[in-house]
$ cat target.txt   # compact mmCIF, N, CA and C atoms and all ligand atoms
# COMPACT_ATOMS: atom_id res chain seq x y z
N MET A 1 -18.15 13.41 -5.61
CA MET A 1 -17.20 14.38 -5.06
C MET A 1 -15.82 14.09 -5.66
N SER A 2 -15.21 15.06 -6.32
CA SER A 2 -14.06 14.77 -7.19
C SER A 2 -12.82 14.31 -6.44
N ASP A 3 -12.62 14.77 -5.20
CA ASP A 3 -11.39 14.38 -4.50
C ASP A 3 -11.62 13.28 -3.47
N CYS A 4 -12.71 12.52 -3.65
CA CYS A 4 -13.05 11.46 -2.68
C CYS A 4 -12.61 10.10 -3.23
N LEU A 5 -11.81 9.39 -2.44
CA LEU A 5 -11.30 8.07 -2.84
C LEU A 5 -12.42 7.10 -3.22
N PHE A 6 -13.46 7.03 -2.39
CA PHE A 6 -14.51 6.05 -2.67
C PHE A 6 -15.38 6.48 -3.85
N CYS A 7 -15.56 7.78 -4.08
CA CYS A 7 -16.25 8.21 -5.30
C CYS A 7 -15.45 7.79 -6.53
N LYS A 8 -14.12 7.84 -6.42
CA LYS A 8 -13.27 7.41 -7.54
C LYS A 8 -13.38 5.90 -7.75
N ILE A 9 -13.50 5.14 -6.68
CA ILE A 9 -13.68 3.69 -6.81
C ILE A 9 -15.02 3.40 -7.49
N ILE A 10 -16.07 4.09 -7.08
CA ILE A 10 -17.39 3.91 -7.71
C ILE A 10 -17.32 4.23 -9.20
N ALA A 11 -16.59 5.28 -9.55
CA ALA A 11 -16.48 5.71 -10.95
C ALA A 11 -15.56 4.80 -11.76
N GLY A 12 -14.87 3.86 -11.09
CA GLY A 12 -13.95 2.98 -11.79
C GLY A 12 -12.60 3.61 -12.07
N GLU A 13 -12.36 4.77 -11.50
CA GLU A 13 -11.07 5.47 -11.72
C GLU A 13 -9.96 4.83 -10.89
N ILE A 14 -10.34 4.17 -9.80
CA ILE A 14 -9.40 3.40 -8.98
C ILE A 14 -9.93 1.98 -8.94
N PRO A 15 -9.10 0.98 -9.26
CA PRO A 15 -9.59 -0.40 -9.29
C PRO A 15 -9.97 -0.92 -7.91
N SER A 16 -10.93 -1.84 -7.89
CA SER A 16 -11.34 -2.46 -6.63
C SER A 16 -11.85 -3.86 -6.93
N SER A 17 -11.91 -4.66 -5.89
CA SER A 17 -12.39 -6.04 -6.00
C SER A 17 -13.88 -6.04 -5.64
N LYS A 18 -14.72 -6.04 -6.67
CA LYS A 18 -16.17 -5.88 -6.45
C LYS A 18 -16.80 -7.12 -5.84
N VAL A 19 -17.65 -6.90 -4.86
CA VAL A 19 -18.43 -7.97 -4.24
C VAL A 19 -19.88 -7.91 -4.73
N TYR A 20 -20.37 -6.70 -4.93
CA TYR A 20 -21.79 -6.50 -5.29
C TYR A 20 -21.97 -5.07 -5.77
N GLU A 21 -22.94 -4.87 -6.68
CA GLU A 21 -23.26 -3.51 -7.12
C GLU A 21 -24.71 -3.45 -7.55
N ASP A 22 -25.39 -2.37 -7.22
CA ASP A 22 -26.69 -2.09 -7.80
C ASP A 22 -26.78 -0.58 -8.03
N GLU A 23 -27.97 -0.08 -8.31
CA GLU A 23 -28.08 1.32 -8.68
C GLU A 23 -27.79 2.28 -7.52
N LEU A 24 -27.88 1.76 -6.30
CA LEU A 24 -27.73 2.64 -5.13
C LEU A 24 -26.43 2.45 -4.36
N CYS A 25 -25.86 1.27 -4.45
CA CYS A 25 -24.68 1.01 -3.60
C CYS A 25 -23.66 0.12 -4.28
N TYR A 26 -22.47 0.09 -3.69
CA TYR A 26 -21.34 -0.68 -4.23
C TYR A 26 -20.65 -1.36 -3.05
N ALA A 27 -20.29 -2.62 -3.21
CA ALA A 27 -19.58 -3.36 -2.16
C ALA A 27 -18.29 -3.92 -2.75
N PHE A 28 -17.20 -3.81 -1.98
CA PHE A 28 -15.89 -4.24 -2.48
C PHE A 28 -15.02 -4.66 -1.31
N ASN A 29 -14.04 -5.51 -1.61
CA ASN A 29 -13.17 -6.01 -0.56
C ASN A 29 -12.23 -4.92 -0.06
N ASP A 30 -12.04 -4.88 1.26
CA ASP A 30 -11.13 -3.91 1.84
C ASP A 30 -9.70 -4.24 1.42
N ILE A 31 -8.93 -3.20 1.13
CA ILE A 31 -7.56 -3.39 0.65
C ILE A 31 -6.64 -3.90 1.77
N ALA A 32 -7.03 -3.69 3.01
CA ALA A 32 -6.23 -4.13 4.17
C ALA A 32 -7.14 -4.91 5.11
N PRO A 33 -7.50 -6.15 4.71
CA PRO A 33 -8.53 -6.89 5.46
C PRO A 33 -8.14 -7.16 6.91
N GLN A 34 -9.10 -6.94 7.79
CA GLN A 34 -8.90 -7.16 9.23
C GLN A 34 -9.55 -8.46 9.70
N ALA A 35 -10.04 -9.24 8.77
CA ALA A 35 -10.67 -10.54 9.06
C ALA A 35 -10.67 -11.32 7.75
N PRO A 36 -10.85 -12.65 7.81
CA PRO A 36 -10.86 -13.43 6.57
C PRO A 36 -11.87 -12.92 5.54
N THR A 37 -13.02 -12.46 6.02
CA THR A 37 -13.96 -11.73 5.16
C THR A 37 -14.01 -10.30 5.65
N HIS A 38 -13.71 -9.35 4.77
CA HIS A 38 -13.77 -7.93 5.14
C HIS A 38 -14.08 -7.14 3.88
N PHE A 39 -15.35 -6.77 3.75
CA PHE A 39 -15.70 -5.90 2.62
C PHE A 39 -16.42 -4.66 3.13
N LEU A 40 -16.49 -3.67 2.25
CA LEU A 40 -17.12 -2.39 2.56
C LEU A 40 -18.34 -2.22 1.68
N VAL A 41 -19.40 -1.66 2.24
CA VAL A 41 -20.58 -1.34 1.44
C VAL A 41 -20.78 0.16 1.52
N ILE A 42 -20.88 0.80 0.36
CA ILE A 42 -20.94 2.27 0.32
C ILE A 42 -22.09 2.72 -0.57
N PRO A 43 -22.70 3.87 -0.25
CA PRO A 43 -23.70 4.43 -1.16
C PRO A 43 -23.00 5.04 -2.36
N LYS A 44 -23.64 4.98 -3.53
CA LYS A 44 -23.06 5.63 -4.72
C LYS A 44 -23.11 7.14 -4.57
N GLU A 45 -24.12 7.61 -3.86
CA GLU A 45 -24.19 9.06 -3.56
C GLU A 45 -23.15 9.38 -2.49
N HIS A 46 -22.44 10.49 -2.65
CA HIS A 46 -21.46 10.87 -1.64
C HIS A 46 -22.17 11.37 -0.38
N ILE A 47 -21.96 10.66 0.72
CA ILE A 47 -22.42 11.07 2.06
C ILE A 47 -21.18 10.94 2.93
N GLY A 48 -20.88 11.95 3.74
CA GLY A 48 -19.59 11.99 4.44
C GLY A 48 -19.42 10.91 5.49
N SER A 49 -20.48 10.63 6.23
CA SER A 49 -20.43 9.62 7.30
C SER A 49 -21.84 9.46 7.84
N VAL A 50 -21.99 8.60 8.85
CA VAL A 50 -23.31 8.46 9.50
C VAL A 50 -23.80 9.83 10.00
N SER A 51 -22.88 10.69 10.39
CA SER A 51 -23.30 11.98 10.94
C SER A 51 -23.92 12.89 9.89
N ALA A 52 -23.80 12.54 8.62
CA ALA A 52 -24.43 13.33 7.55
C ALA A 52 -25.71 12.67 7.04
N VAL A 53 -26.19 11.62 7.71
CA VAL A 53 -27.44 10.98 7.31
C VAL A 53 -28.62 11.81 7.82
N THR A 54 -29.57 12.07 6.94
CA THR A 54 -30.75 12.87 7.27
C THR A 54 -31.99 12.17 6.70
N ALA A 55 -33.14 12.74 6.98
CA ALA A 55 -34.39 12.19 6.43
C ALA A 55 -34.36 12.19 4.90
N ASP A 56 -33.59 13.08 4.31
CA ASP A 56 -33.53 13.17 2.85
C ASP A 56 -32.68 12.08 2.19
N ASN A 57 -31.74 11.51 2.92
CA ASN A 57 -30.84 10.53 2.28
C ASN A 57 -30.79 9.17 3.00
N SER A 58 -31.62 8.99 4.01
CA SER A 58 -31.49 7.77 4.82
C SER A 58 -32.03 6.51 4.13
N ALA A 59 -32.79 6.66 3.05
CA ALA A 59 -33.33 5.45 2.38
C ALA A 59 -32.19 4.55 1.91
N VAL A 60 -31.08 5.15 1.49
CA VAL A 60 -29.97 4.34 0.99
C VAL A 60 -29.33 3.55 2.13
N VAL A 61 -29.41 4.06 3.34
CA VAL A 61 -28.85 3.34 4.48
C VAL A 61 -29.68 2.08 4.75
N ALA A 62 -31.00 2.22 4.71
CA ALA A 62 -31.86 1.03 4.87
C ALA A 62 -31.57 0.02 3.76
N HIS A 63 -31.40 0.53 2.55
CA HIS A 63 -31.09 -0.36 1.43
C HIS A 63 -29.77 -1.09 1.66
N ILE A 64 -28.76 -0.36 2.11
CA ILE A 64 -27.46 -0.98 2.35
C ILE A 64 -27.58 -2.10 3.39
N PHE A 65 -28.39 -1.91 4.41
CA PHE A 65 -28.53 -2.99 5.40
C PHE A 65 -29.27 -4.19 4.82
N GLU A 66 -30.20 -3.96 3.89
CA GLU A 66 -30.82 -5.10 3.20
C GLU A 66 -29.77 -5.84 2.39
N VAL A 67 -28.90 -5.08 1.72
CA VAL A 67 -27.85 -5.69 0.90
C VAL A 67 -26.87 -6.47 1.78
N ILE A 68 -26.50 -5.91 2.93
CA ILE A 68 -25.59 -6.62 3.83
C ILE A 68 -26.20 -7.95 4.25
N ALA A 69 -27.46 -7.94 4.63
CA ALA A 69 -28.11 -9.19 5.05
C ALA A 69 -28.16 -10.20 3.91
N LYS A 70 -28.45 -9.73 2.72
CA LYS A 70 -28.51 -10.62 1.54
C LYS A 70 -27.13 -11.20 1.23
N LEU A 71 -26.10 -10.36 1.23
CA LEU A 71 -24.75 -10.84 0.94
C LEU A 71 -24.29 -11.83 2.01
N ALA A 72 -24.59 -11.52 3.27
CA ALA A 72 -24.19 -12.42 4.35
C ALA A 72 -24.84 -13.80 4.16
N ARG A 73 -26.11 -13.81 3.79
CA ARG A 73 -26.80 -15.09 3.53
C ARG A 73 -26.13 -15.83 2.38
N GLU A 74 -25.88 -15.09 1.29
CA GLU A 74 -25.30 -15.72 0.10
C GLU A 74 -23.89 -16.24 0.35
N LEU A 75 -23.14 -15.51 1.17
CA LEU A 75 -21.75 -15.91 1.47
C LEU A 75 -21.67 -16.91 2.61
N GLY A 76 -22.82 -17.21 3.22
CA GLY A 76 -22.84 -18.19 4.30
C GLY A 76 -22.22 -17.68 5.59
N LEU A 77 -22.27 -16.38 5.80
CA LEU A 77 -21.71 -15.80 7.03
C LEU A 77 -22.71 -16.03 8.16
N GLU A 78 -22.33 -16.83 9.13
CA GLU A 78 -23.25 -17.09 10.24
C GLU A 78 -23.09 -16.06 11.35
N SER A 79 -21.90 -15.50 11.47
CA SER A 79 -21.64 -14.49 12.49
C SER A 79 -20.74 -13.44 11.87
N TYR A 80 -21.12 -12.21 12.04
CA TYR A 80 -20.33 -11.16 11.43
C TYR A 80 -20.57 -9.85 12.17
N ARG A 81 -19.70 -8.89 11.90
CA ARG A 81 -19.80 -7.58 12.54
C ARG A 81 -19.92 -6.51 11.47
N VAL A 82 -20.82 -5.54 11.70
CA VAL A 82 -20.98 -4.38 10.82
C VAL A 82 -20.54 -3.16 11.60
N VAL A 83 -19.60 -2.41 11.02
CA VAL A 83 -18.99 -1.28 11.72
C VAL A 83 -18.99 -0.06 10.81
N SER A 84 -19.30 1.09 11.38
CA SER A 84 -19.08 2.35 10.67
C SER A 84 -18.39 3.31 11.64
N ASN A 85 -17.20 3.75 11.27
CA ASN A 85 -16.46 4.70 12.09
C ASN A 85 -16.84 6.11 11.69
N ILE A 86 -17.07 6.95 12.69
CA ILE A 86 -17.47 8.34 12.43
C ILE A 86 -16.45 9.25 13.11
N GLY A 87 -15.68 9.96 12.29
CA GLY A 87 -14.69 10.88 12.83
C GLY A 87 -13.35 10.21 13.08
N GLU A 88 -12.32 11.03 13.11
CA GLU A 88 -10.95 10.49 13.21
C GLU A 88 -10.71 9.74 14.51
N GLN A 89 -11.25 10.22 15.64
CA GLN A 89 -10.98 9.55 16.91
C GLN A 89 -11.54 8.13 16.91
N ALA A 90 -12.63 7.93 16.19
CA ALA A 90 -13.24 6.60 16.12
C ALA A 90 -12.59 5.73 15.05
N GLY A 91 -11.68 6.31 14.27
CA GLY A 91 -10.95 5.51 13.28
C GLY A 91 -11.35 5.75 11.84
N GLN A 92 -12.19 6.75 11.58
CA GLN A 92 -12.57 7.01 10.19
C GLN A 92 -11.40 7.62 9.44
N SER A 93 -11.05 7.01 8.31
CA SER A 93 -9.95 7.53 7.49
C SER A 93 -10.39 7.92 6.09
N VAL A 94 -11.56 7.43 5.66
CA VAL A 94 -12.11 7.82 4.36
C VAL A 94 -13.48 8.43 4.65
N PHE A 95 -13.65 9.69 4.18
CA PHE A 95 -14.84 10.45 4.58
C PHE A 95 -15.94 10.36 3.52
N HIS A 96 -16.25 9.10 3.19
CA HIS A 96 -17.41 8.73 2.36
C HIS A 96 -18.05 7.58 3.15
N LEU A 97 -19.33 7.73 3.49
CA LEU A 97 -20.02 6.73 4.33
C LEU A 97 -19.71 5.30 3.88
N HIS A 98 -19.32 4.46 4.82
CA HIS A 98 -19.09 3.05 4.49
C HIS A 98 -19.36 2.20 5.71
N PHE A 99 -19.82 1.00 5.42
CA PHE A 99 -20.06 0.00 6.45
C PHE A 99 -19.10 -1.16 6.22
N HIS A 100 -18.24 -1.40 7.22
CA HIS A 100 -17.36 -2.57 7.17
C HIS A 100 -18.19 -3.80 7.51
N VAL A 101 -18.00 -4.88 6.77
CA VAL A 101 -18.58 -6.18 7.13
C VAL A 101 -17.40 -7.13 7.35
N LEU A 102 -17.29 -7.60 8.59
CA LEU A 102 -16.14 -8.42 9.00
C LEU A 102 -16.65 -9.77 9.50
N SER A 103 -15.94 -10.84 9.10
CA SER A 103 -16.37 -12.17 9.53
C SER A 103 -15.22 -13.16 9.40
N GLY A 104 -15.33 -14.28 10.12
CA GLY A 104 -14.40 -15.37 9.92
C GLY A 104 -13.34 -15.50 10.99
N ARG A 105 -13.42 -14.71 12.02
CA ARG A 105 -12.49 -14.89 13.15
C ARG A 105 -13.19 -14.45 14.44
N ASP A 106 -12.63 -14.89 15.57
CA ASP A 106 -13.15 -14.44 16.86
C ASP A 106 -12.92 -12.93 16.99
N MET A 107 -13.89 -12.25 17.57
CA MET A 107 -13.78 -10.80 17.77
C MET A 107 -14.04 -10.46 19.23
N THR A 108 -13.40 -9.40 19.67
CA THR A 108 -13.56 -9.00 21.06
C THR A 108 -14.63 -7.92 21.19
N TRP A 109 -15.19 -7.84 22.39
CA TRP A 109 -16.09 -6.75 22.71
C TRP A 109 -15.84 -6.33 24.14
N PRO A 110 -15.65 -5.06 24.47
CA PRO A 110 -15.75 -3.92 23.55
C PRO A 110 -14.54 -3.84 22.63
N PRO A 111 -14.70 -3.14 21.49
CA PRO A 111 -13.59 -2.98 20.56
C PRO A 111 -12.51 -2.12 21.19
N GLY A 112 -11.29 -2.26 20.72
CA GLY A 112 -10.17 -1.48 21.23
C GLY A 112 -10.20 -0.04 20.78
P1 LIG A 201 -12.25 3.71 7.89
O1 LIG A 201 -10.86 3.73 8.42
O2 LIG A 201 -12.61 5.07 7.28
O3 LIG A 201 -13.31 3.22 8.83
O4 LIG A 201 -12.26 2.65 6.71
C1 LIG A 201 -11.65 2.89 5.48
C2 LIG A 201 -11.27 1.57 4.92
O5 LIG A 201 -10.96 1.74 3.55
C3 LIG A 201 -10.02 0.94 5.58
O6 LIG A 201 -10.37 -0.29 6.15
C4 LIG A 201 -9.03 0.83 4.44
O7 LIG A 201 -8.26 -0.36 4.49
C5 LIG A 201 -9.92 0.87 3.21
N1 LIG A 201 -9.27 1.44 2.04
C6 LIG A 201 -8.53 2.57 1.99
N2 LIG A 201 -8.13 2.80 0.73
C7 LIG A 201 -8.62 1.79 -0.03
C8 LIG A 201 -8.53 1.46 -1.42
O8 LIG A 201 -7.92 2.15 -2.24
N3 LIG A 201 -9.17 0.33 -1.82
C9 LIG A 201 -9.86 -0.47 -0.96
N4 LIG A 201 -10.45 -1.57 -1.47
N5 LIG A 201 -9.98 -0.19 0.35
C10 LIG A 201 -9.36 0.92 0.81
ZN ZN A 202 -17.33 10.12 -2.00
$ encode --input "target.txt" --output "structure tokens"
Amino acid sequence: MSDCLFCKIIAGEIPSSKVYEDELCYAFNDIAPQAPTHFLVIPKEHIGSVSAVTADNSAVVAHIFEVIAKLARELGLESYRVVSNIGEQAGQSVFHLHFHVLSGRDMTWPPG
């Protein structure tokens, strides 16, 4: 999608700090980290948010969760949080599906 920030990051048009990449997904450090470890995992295919996941595109979501588990193991993350905000009220600011992976500090529940 030409006017999507994360599609531009995937295309290399906007620089990012890469954590991981394969044919289906891309992971990179968040520009405004909310924890000592804070990276985002996104599908290379443009999907607007969790609310746009369907039977036709959900395989990449399963793949992304495999990648998150693998990266967490490799990075030695013993406790971490995976978050996806859907819609502006929930805090979504970039409308390309992404999963935040946060770790390295105490976290509260429920979230604010
Ligand atoms: P959301 O608010 O949609 O749940 O998450 C979007 C995330 O993207 C935010 O945590 C924000 O800091 C991050 N972000 C926004 N623009 C950029 C950018 O240009 N580069 C990187 N690496 N992260 C970004
Ligand atoms: Zn996009």
$ closest_residue --input "target.txt" --among "A:Leu97, A:Ala32, A:Leu102, A:Ala69" --to "ligand ZN 202 (chain A)" --atoms "all atoms listed in the file"
A:Leu97
$ atom_distance --input "target.txt" --atom1 "atom C of Phe99 in chain A" --atom2 "atom N of Ile86 in chain A"
10.6 Å
$ residues_near_ligand --input "target.txt" --ligand "ligand LIG 201 (chain A)" --cutoff "6 Å" --atoms "only N, CA and C atoms and all ligand atoms" --output "list in words"
Ser16, Ser17, Phe28, Asn29, Asp30, Ile31, Ala32, Pro33, Ser84, Asn85, Gly91, Gln92, Ser93, Val94 and Phe95 of chain A
$ closest_atom_pairs --input "target.txt" --of "chain A" --to "ligand ZN 202 (chain A)" --cutoff "6.5 Å" --atoms "all atoms listed in the file" --output "CSV"
residue,atom,partner,partner_atom,distance
A:Met1,N,A:ZN202,ZN,5.0
A:Cys4,CA,A:ZN202,ZN,4.5
A:Leu5,N,A:ZN202,ZN,5.6
A:Phe6,C,A:ZN202,ZN,4.5
A:Cys7,N,A:ZN202,ZN,3.6
A:Lys8,N,A:ZN202,ZN,5.9
A:Glu45,C,A:ZN202,ZN,5.9
A:His46,CA,A:ZN202,ZN,4.2
A:Ile47,N,A:ZN202,ZN,5.4
A:Phe95,C,A:ZN202,ZN,5.7
A:His96,CA,A:ZN202,ZN,4.6
A:Leu97,N,A:ZN202,ZN,6.3
$ atom_distance --input "target.txt" --atom1 "CA of Asp22 in chain A" --atom2 "CA of Val67 in chain A"
9.5 Å
$ atom_distance --input "target.txt" --atom1 "atom N of Arg73 in chain A" --atom2 "CA of Arg105 in chain A"
16.6 Å
$ closest_residue --input "target.txt" --among "A:Val19, A:Ile14, A:Ala52, A:Val60" --to "Thr37 in chain A" --atoms "only C-alpha atoms"
A:Val19
$ select_by_dssp --input "target.txt" --residues "chain A" --states "helix (DSSP H, G or I)" --output "list in words"
Leu5, Phe6, Cys7, Lys8, Ile9, Ile10, Val50, Ser51, Ala52, Ala59, Val60, Val61, Ala62, His63, Ile64, Phe65, Glu66, Val67, Ile68, Ala69, Lys70, Leu71, Ala72, Arg73, Glu74, Leu75, Glu88, Gln89 and Ala90 of chain A
$ decode --input "target.txt" --residues "range 30-53 of chain A" --atoms "C-alpha atoms" --output "PDB file, in the first residue's frame"
ATOM      1  CA  ASP A  30      10.106   0.423  17.791  1.00  0.00           C
ATOM      2  CA  ILE A  31      11.261   4.010  17.273  1.00  0.00           C
ATOM      3  CA  ALA A  32       9.792   5.026  20.661  1.00  0.00           C
ATOM      4  CA  PRO A  33      10.474   2.006  22.902  1.00  0.00           C
ATOM      5  CA  GLN A  34       8.132   1.532  25.853  1.00  0.00           C
ATOM      6  CA  ALA A  35      10.327  -1.136  27.476  1.00  0.00           C
ATOM      7  CA  PRO A  36      14.019  -2.130  27.348  1.00  0.00           C
ATOM      8  CA  THR A  37      13.038  -4.589  24.606  1.00  0.00           C
ATOM      9  CA  HIS A  38      10.322  -3.309  22.275  1.00  0.00           C
ATOM     10  CA  PHE A  39      10.080  -4.537  18.716  1.00  0.00           C
ATOM     11  CA  LEU A  40       7.261  -4.874  16.217  1.00  0.00           C
ATOM     12  CA  VAL A  41       6.487  -7.873  14.028  1.00  0.00           C
ATOM     13  CA  ILE A  42       4.511  -7.154  10.868  1.00  0.00           C
ATOM     14  CA  PRO A  43       3.311  -9.152   7.857  1.00  0.00           C
ATOM     15  CA  LYS A  44       4.898  -8.150   4.540  1.00  0.00           C
ATOM     16  CA  GLU A  45       1.406  -8.255   3.070  1.00  0.00           C
ATOM     17  CA  HIS A  46      -0.581  -5.133   3.942  1.00  0.00           C
ATOM     18  CA  ILE A  47      -3.339  -6.039   6.428  1.00  0.00           C
ATOM     19  CA  GLY A  48      -4.961  -3.097   8.219  1.00  0.00           C
ATOM     20  CA  SER A  49      -5.274  -4.615  11.697  1.00  0.00           C
ATOM     21  CA  VAL A  50      -6.485  -7.731  13.517  1.00  0.00           C
ATOM     22  CA  SER A  51      -9.978  -6.723  12.428  1.00  0.00           C
ATOM     23  CA  ALA A  52      -8.996  -7.370   8.794  1.00  0.00           C
ATOM     24  CA  VAL A  53      -7.766 -10.930   9.476  1.00  0.00           C
TER      25      VAL A  53
END
